[in-house]
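Written out below as C-alpha cells is the structure these notes cover.
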Amino acid sequence: MPHGDTRPAALGATELLTAYAAGTTSPVEVLDDVRAVVEAREPTLNAFWVHDLDAARDAARSSEQRWRDHRPRGPLDGVPVTVKENLGRAGVPMPAGNAGVTPTVPRRSSPVVERLDEAGAVLLGSTVMPDWGMLSSGVSSLHGITRSPWDPSLTTGGSSSGAGAAAAAGYGPLHVGTDIGGSIRLPGTWLGLTTLKPSAGRVPLDAPYLGRAAGPLTRSTADAALLLSVLSRPDVRDWTSLPPQRLSATVADLDPKGLRVALLLDAGCGSPVETPVREAVERAAEVFASAGAVVEHLAPFMQPGWLADLDRFWRVRSLVELEALDEAGRARVLPFVRRWVEAACAVDGRTVMRDYASTMAIQQATVAATAPFDLVLSPVAPMSAFPAEWPMPWGDGDAAMSHIGFTAPFNLSGQPAGTTNAGFTPDGRTIGVQVAGRRFDDEGVLRALHWFERHRSPDLTPRWPIHS
C-alpha cells in the first residue's frame, strides 16, 4: 500500500487514539476493517492459533461507547492487539506450537494480557509459534506453515511468527511476541517491522527464563513505545521484574550529535553476513554519522564455541521437554526439532554446566564490549528472508544456531535491542538494522529507532501489504 494509507486497518495505534478522541472514526469501524483484512489474508498467512472476532467486536462496541462518553478505559482503549500463544490467556490452551504436547490451560492470564485488558485494548486472539519456539521460521507441527504478507513463498521469521505476520498484514497495529535469542527481532528484519526486545525484566512474565523477554512488534516506533509503556509495569509473579519506572508513551526527540555509536558488522561467530545486509547496515550508520554521531567499528566479541555451547544448552532444555512426552507425543513433534533435540541425548551434566558458563561468558563479553557506546548498530541476522517451508535459514540441515550471533548476546546481557527497516535486497526483501543500547535504556533505543525512521531515505519506509 502507498505511504499515508488511511484505511482503518493501516493506521497506527497513536493515530487511532487521536481519531477516537476526535470522533472521526470508532473502535467498531476499525475492528470491522481489521476483520476484513483477517478474513482475506488469514487462509494464506496462518497467523492465528485462536481468534474470536465476534468477541472482539463486542469489546470494540463497549469501547466505542466509552469514547462517546469521554471516559476511555485506559491508554489503549479500542486498539486491536494480538499476543503470542505462549503468553497465557485464562482458559485458552497453550500448546507452544507443538502437536506432541498436551496443552496447559491457564486459569489466570499472564501479566502481559492483564496489562492489555486493563488498558482497554481489543484482543483479537493468540498468534502462532513453531515447536517450543525453537525455530526461526513459521514452521510448526501443530499449525503448519505461517507465511509472509509480503510474499507467501517467504518466511515470517520466528519464533514470533504469527505476531510478525499479523503486524505486517494489518491485523491491527499492536502485537506482542517473545524473544529468547532473536524471536522478536528476526521477524522484524524479515518483515520490515519496528520491534523491541526490552531490557531483561522490563516486561513481566509468568514464566521468566534466562534471556527471555516479551515485547512489541509494530509498524512504527511510536506504537512500540506506546505498547511498552503499558506492558512494563512490574508484577509479583515475575521475580526478575525491574523496579517500577514510568516509561513515556511517546518518543522523545534525539540529537545524534556526539553520540558514540558502535558499528558491528562481524559477530565473530555463525554464518557470514550477506552483502546486501552488510551494506544496508553500513548505510544506516552513515545516516547517524551525517548527523554528528561518532561511529566506530566494533571488533567481534563473540566466540564460535560460545554460540555452539548456547545451542547445546537449549537442546538439553528441550530434551527434558521431549522426554516428558509419551512415545506417540514425541512422534508428533516436528521432525526437524526432534532431530535437533535428540542430538543432545548423550550430553552429560558436566558439559551442561560448562555450557551454562559459556552463557555467562557471553553476558560478560557483551556488556564489556558495548559499555563505551551509547548505541550499537548491527545486522539482525546475517541473511535475508528464506523460503517459508524451511525451518531454518539453511533449510532442513543442522547448522545449530549460526544465525543468531548478533541477536542472542543481547538476550543474555539483558540489554534492550530493537529493529527497524534499513534496506531491501535487489529482489525486494526487507532488511532490518538492529539497534542495541545499554541495559535499562529502553527509551534510548526507542529514540534512536524513531530518529532513524524519520531520517532514513523515504524509499526505505515499507509500503505495507495491507490489502483491500
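By convention here, the chains of the C-alpha cells are called A, B, ... in the order presented, each chain's residues are numbered starting at 1, and ligands are numbered starting at 1 in the order presented.
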
- Task: Please return as a PyMOL selection string: the residues of region 246-327 of chain A that backbone DSSP assigns to alpha helix (DSSP H).
- Result: chain A and resi 275-290+304-323+327

- Item | Near-Pro8 (chain A) list (12 Å; only C-alpha atoms; drop same-chain fewer than 6 positions) as number ranges by chain | A: 15-17, 19-20, 24-37, 79-80, 170-173, 466-468

Write the residues you've just listed into a file as a PDB file, in the first residue's frame, and include N, CA and C atoms for each of them.
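Below you can see part-v8.pdb, which holds the result:
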ATOM      1  N   GLU A  15      -2.372   6.978  15.955  1.00  0.00           N
ATOM      2  CA  GLU A  15      -3.336   7.623  15.056  1.00  0.00           C
ATOM      3  C   GLU A  15      -4.769   7.239  15.411  1.00  0.00           C
ATOM      4  N   LEU A  16      -4.991   5.976  15.747  1.00  0.00           N
ATOM      5  CA  LEU A  16      -6.335   5.536  16.107  1.00  0.00           C
ATOM      6  C   LEU A  16      -6.823   6.259  17.356  1.00  0.00           C
ATOM      7  N   LEU A  17      -5.982   6.369  18.359  1.00  0.00           N
ATOM      8  CA  LEU A  17      -6.403   7.016  19.598  1.00  0.00           C
ATOM      9  C   LEU A  17      -6.751   8.480  19.370  1.00  0.00           C
ATOM     10  N   ALA A  19      -7.900   9.656  16.541  1.00  0.00           N
ATOM     11  CA  ALA A  19      -9.167   9.643  15.802  1.00  0.00           C
ATOM     12  C   ALA A  19     -10.343   9.314  16.715  1.00  0.00           C
ATOM     13  N   TYR A  20     -10.140   8.388  17.657  1.00  0.00           N
ATOM     14  CA  TYR A  20     -11.217   8.073  18.600  1.00  0.00           C
ATOM     15  C   TYR A  20     -11.587   9.311  19.416  1.00  0.00           C
ATOM     16  N   THR A  24     -13.575  10.957  14.700  1.00  0.00           N
ATOM     17  CA  THR A  24     -13.537  10.797  13.251  1.00  0.00           C
ATOM     18  C   THR A  24     -13.556   9.340  12.815  1.00  0.00           C
ATOM     19  N   THR A  25     -13.325   8.444  13.727  1.00  0.00           N
ATOM     20  CA  THR A  25     -13.547   7.022  13.487  1.00  0.00           C
ATOM     21  C   THR A  25     -13.855   6.393  14.842  1.00  0.00           C
ATOM     22  N   SER A  26     -14.272   5.132  14.818  1.00  0.00           N
ATOM     23  CA  SER A  26     -14.649   4.477  16.065  1.00  0.00           C
ATOM     24  C   SER A  26     -13.988   3.113  16.150  1.00  0.00           C
ATOM     25  N   PRO A  27     -13.864   2.563  17.364  1.00  0.00           N
ATOM     26  CA  PRO A  27     -13.302   1.218  17.507  1.00  0.00           C
ATOM     27  C   PRO A  27     -14.061   0.166  16.702  1.00  0.00           C
ATOM     28  N   VAL A  28     -15.364   0.331  16.542  1.00  0.00           N
ATOM     29  CA  VAL A  28     -16.130  -0.641  15.759  1.00  0.00           C
ATOM     30  C   VAL A  28     -15.757  -0.556  14.287  1.00  0.00           C
ATOM     31  N   GLU A  29     -15.639   0.651  13.760  1.00  0.00           N
ATOM     32  CA  GLU A  29     -15.236   0.814  12.362  1.00  0.00           C
ATOM     33  C   GLU A  29     -13.854   0.215  12.122  1.00  0.00           C
ATOM     34  N   VAL A  30     -12.968   0.436  13.060  1.00  0.00           N
ATOM     35  CA  VAL A  30     -11.615  -0.108  12.928  1.00  0.00           C
ATOM     36  C   VAL A  30     -11.648  -1.634  12.997  1.00  0.00           C
ATOM     37  N   LEU A  31     -12.359  -2.181  13.960  1.00  0.00           N
ATOM     38  CA  LEU A  31     -12.435  -3.635  14.095  1.00  0.00           C
ATOM     39  C   LEU A  31     -13.028  -4.264  12.852  1.00  0.00           C
ATOM     40  N   ASP A  32     -14.048  -3.645  12.271  1.00  0.00           N
ATOM     41  CA  ASP A  32     -14.662  -4.208  11.076  1.00  0.00           C
ATOM     42  C   ASP A  32     -13.683  -4.226   9.904  1.00  0.00           C
ATOM     43  N   ASP A  33     -12.864  -3.179   9.779  1.00  0.00           N
ATOM     44  CA  ASP A  33     -11.883  -3.160   8.700  1.00  0.00           C
ATOM     45  C   ASP A  33     -10.774  -4.173   8.941  1.00  0.00           C
ATOM     46  N   VAL A  34     -10.309  -4.264  10.195  1.00  0.00           N
ATOM     47  CA  VAL A  34      -9.308  -5.280  10.519  1.00  0.00           C
ATOM     48  C   VAL A  34      -9.869  -6.670  10.265  1.00  0.00           C
ATOM     49  N   ARG A  35     -11.116  -6.872  10.616  1.00  0.00           N
ATOM     50  CA  ARG A  35     -11.742  -8.175  10.382  1.00  0.00           C
ATOM     51  C   ARG A  35     -11.736  -8.516   8.893  1.00  0.00           C
ATOM     52  N   ALA A  36     -12.017  -7.537   8.048  1.00  0.00           N
ATOM     53  CA  ALA A  36     -11.994  -7.785   6.606  1.00  0.00           C
ATOM     54  C   ALA A  36     -10.603  -8.204   6.141  1.00  0.00           C
ATOM     55  N   VAL A  37      -9.572  -7.570   6.699  1.00  0.00           N
ATOM     56  CA  VAL A  37      -8.203  -7.939   6.351  1.00  0.00           C
ATOM     57  C   VAL A  37      -7.907  -9.364   6.816  1.00  0.00           C
ATOM     58  N   VAL A  79      -8.012  -0.207  20.772  1.00  0.00           N
ATOM     59  CA  VAL A  79      -6.951  -0.519  19.804  1.00  0.00           C
ATOM     60  C   VAL A  79      -6.815  -2.038  19.665  1.00  0.00           C
ATOM     61  N   PRO A  80      -6.884  -2.584  18.446  1.00  0.00           N
ATOM     62  CA  PRO A  80      -6.733  -4.034  18.260  1.00  0.00           C
ATOM     63  C   PRO A  80      -5.309  -4.500  18.560  1.00  0.00           C
ATOM     64  N   GLY A 170      -1.532  -6.042   8.761  1.00  0.00           N
ATOM     65  CA  GLY A 170      -2.572  -5.117   9.153  1.00  0.00           C
ATOM     66  C   GLY A 170      -3.650  -5.709  10.022  1.00  0.00           C
ATOM     67  N   TYR A 171      -3.314  -6.739  10.812  1.00  0.00           N
ATOM     68  CA  TYR A 171      -4.266  -7.268  11.785  1.00  0.00           C
ATOM     69  C   TYR A 171      -4.240  -6.378  13.028  1.00  0.00           C
ATOM     70  N   GLY A 172      -4.479  -5.112  12.854  1.00  0.00           N
ATOM     71  CA  GLY A 172      -4.319  -4.155  13.933  1.00  0.00           C
ATOM     72  C   GLY A 172      -2.874  -3.712  14.039  1.00  0.00           C
ATOM     73  N   PRO A 173      -2.625  -2.673  14.874  1.00  0.00           N
ATOM     74  CA  PRO A 173      -1.275  -2.099  14.923  1.00  0.00           C
ATOM     75  C   PRO A 173      -0.342  -2.675  15.974  1.00  0.00           C
ATOM     76  N   ILE A 466      -1.075  -4.223   3.178  1.00  0.00           N
ATOM     77  CA  ILE A 466      -2.375  -4.297   3.829  1.00  0.00           C
ATOM     78  C   ILE A 466      -3.428  -4.217   2.732  1.00  0.00           C
ATOM     79  N   HIS A 467      -3.946  -5.342   2.340  1.00  0.00           N
ATOM     80  CA  HIS A 467      -4.761  -5.439   1.133  1.00  0.00           C
ATOM     81  C   HIS A 467      -6.201  -5.019   1.370  1.00  0.00           C
ATOM     82  N   SER A 468      -6.789  -4.435   0.330  1.00  0.00           N
ATOM     83  CA  SER A 468      -8.211  -4.126   0.378  1.00  0.00           C
ATOM     84  C   SER A 468      -9.007  -5.411   0.259  1.00  0.00           C
TER      85      SER A 468
END

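Considering only C-alpha atoms, the residue among A:Arg332, A:Ile184, A:Arg115, A:Glu42 positioned nearest to Ala99 (chain A) is A:Arg332.
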
- Message: Just list as JSON, numbers by chain whatever in region 324-464 of chain A DSSP marks as strand (DSSP E or B).
- Response: {"A": [375, 376, 377, 378, 379, 387, 392, 395, 417, 418, 419, 420, 421, 422, 423, 424, 430, 431, 432, 433, 434, 435, 436, 437]}

- Message: For Asp238 (chain A), find every residue with an atom within 10 Å (counting only C-alpha atoms), except residues of its own chain fewer than 6 positions away, and show them as an NGL selection string.
- Response: :A and (111 or 201 or 203-209)

Dump as a PDB file, in the first residue's frame, selection limited to C-alpha atoms:
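The file below, result-v1.pdb, is the result:
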ATOM      1  CA  PRO A 111       0.892 -10.197  33.160  1.00  0.00           C
ATOM      2  CA  GLY A 201      12.813  -7.790  33.494  1.00  0.00           C
ATOM      3  CA  VAL A 203       8.054  -6.618  30.783  1.00  0.00           C
ATOM      4  CA  PRO A 204       6.918  -9.081  33.466  1.00  0.00           C
ATOM      5  CA  LEU A 205       6.455 -12.728  32.522  1.00  0.00           C
ATOM      6  CA  ASP A 206       4.749 -15.536  34.386  1.00  0.00           C
ATOM      7  CA  ALA A 207       7.487 -17.921  33.212  1.00  0.00           C
ATOM      8  CA  PRO A 208      10.785 -15.992  33.311  1.00  0.00           C
ATOM      9  CA  TYR A 209      13.857 -17.727  31.950  1.00  0.00           C
TER      10      TYR A 209
END

- When distances are computed from only C-alpha atoms, which of A:Ala40, A:Leu196, A:Leu227, A:Met134 shows the smallest separation from Val81 (chain A)?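 Using only C-alpha atoms, the shortest distance to Val81 (chain A) belongs to A:Leu227.
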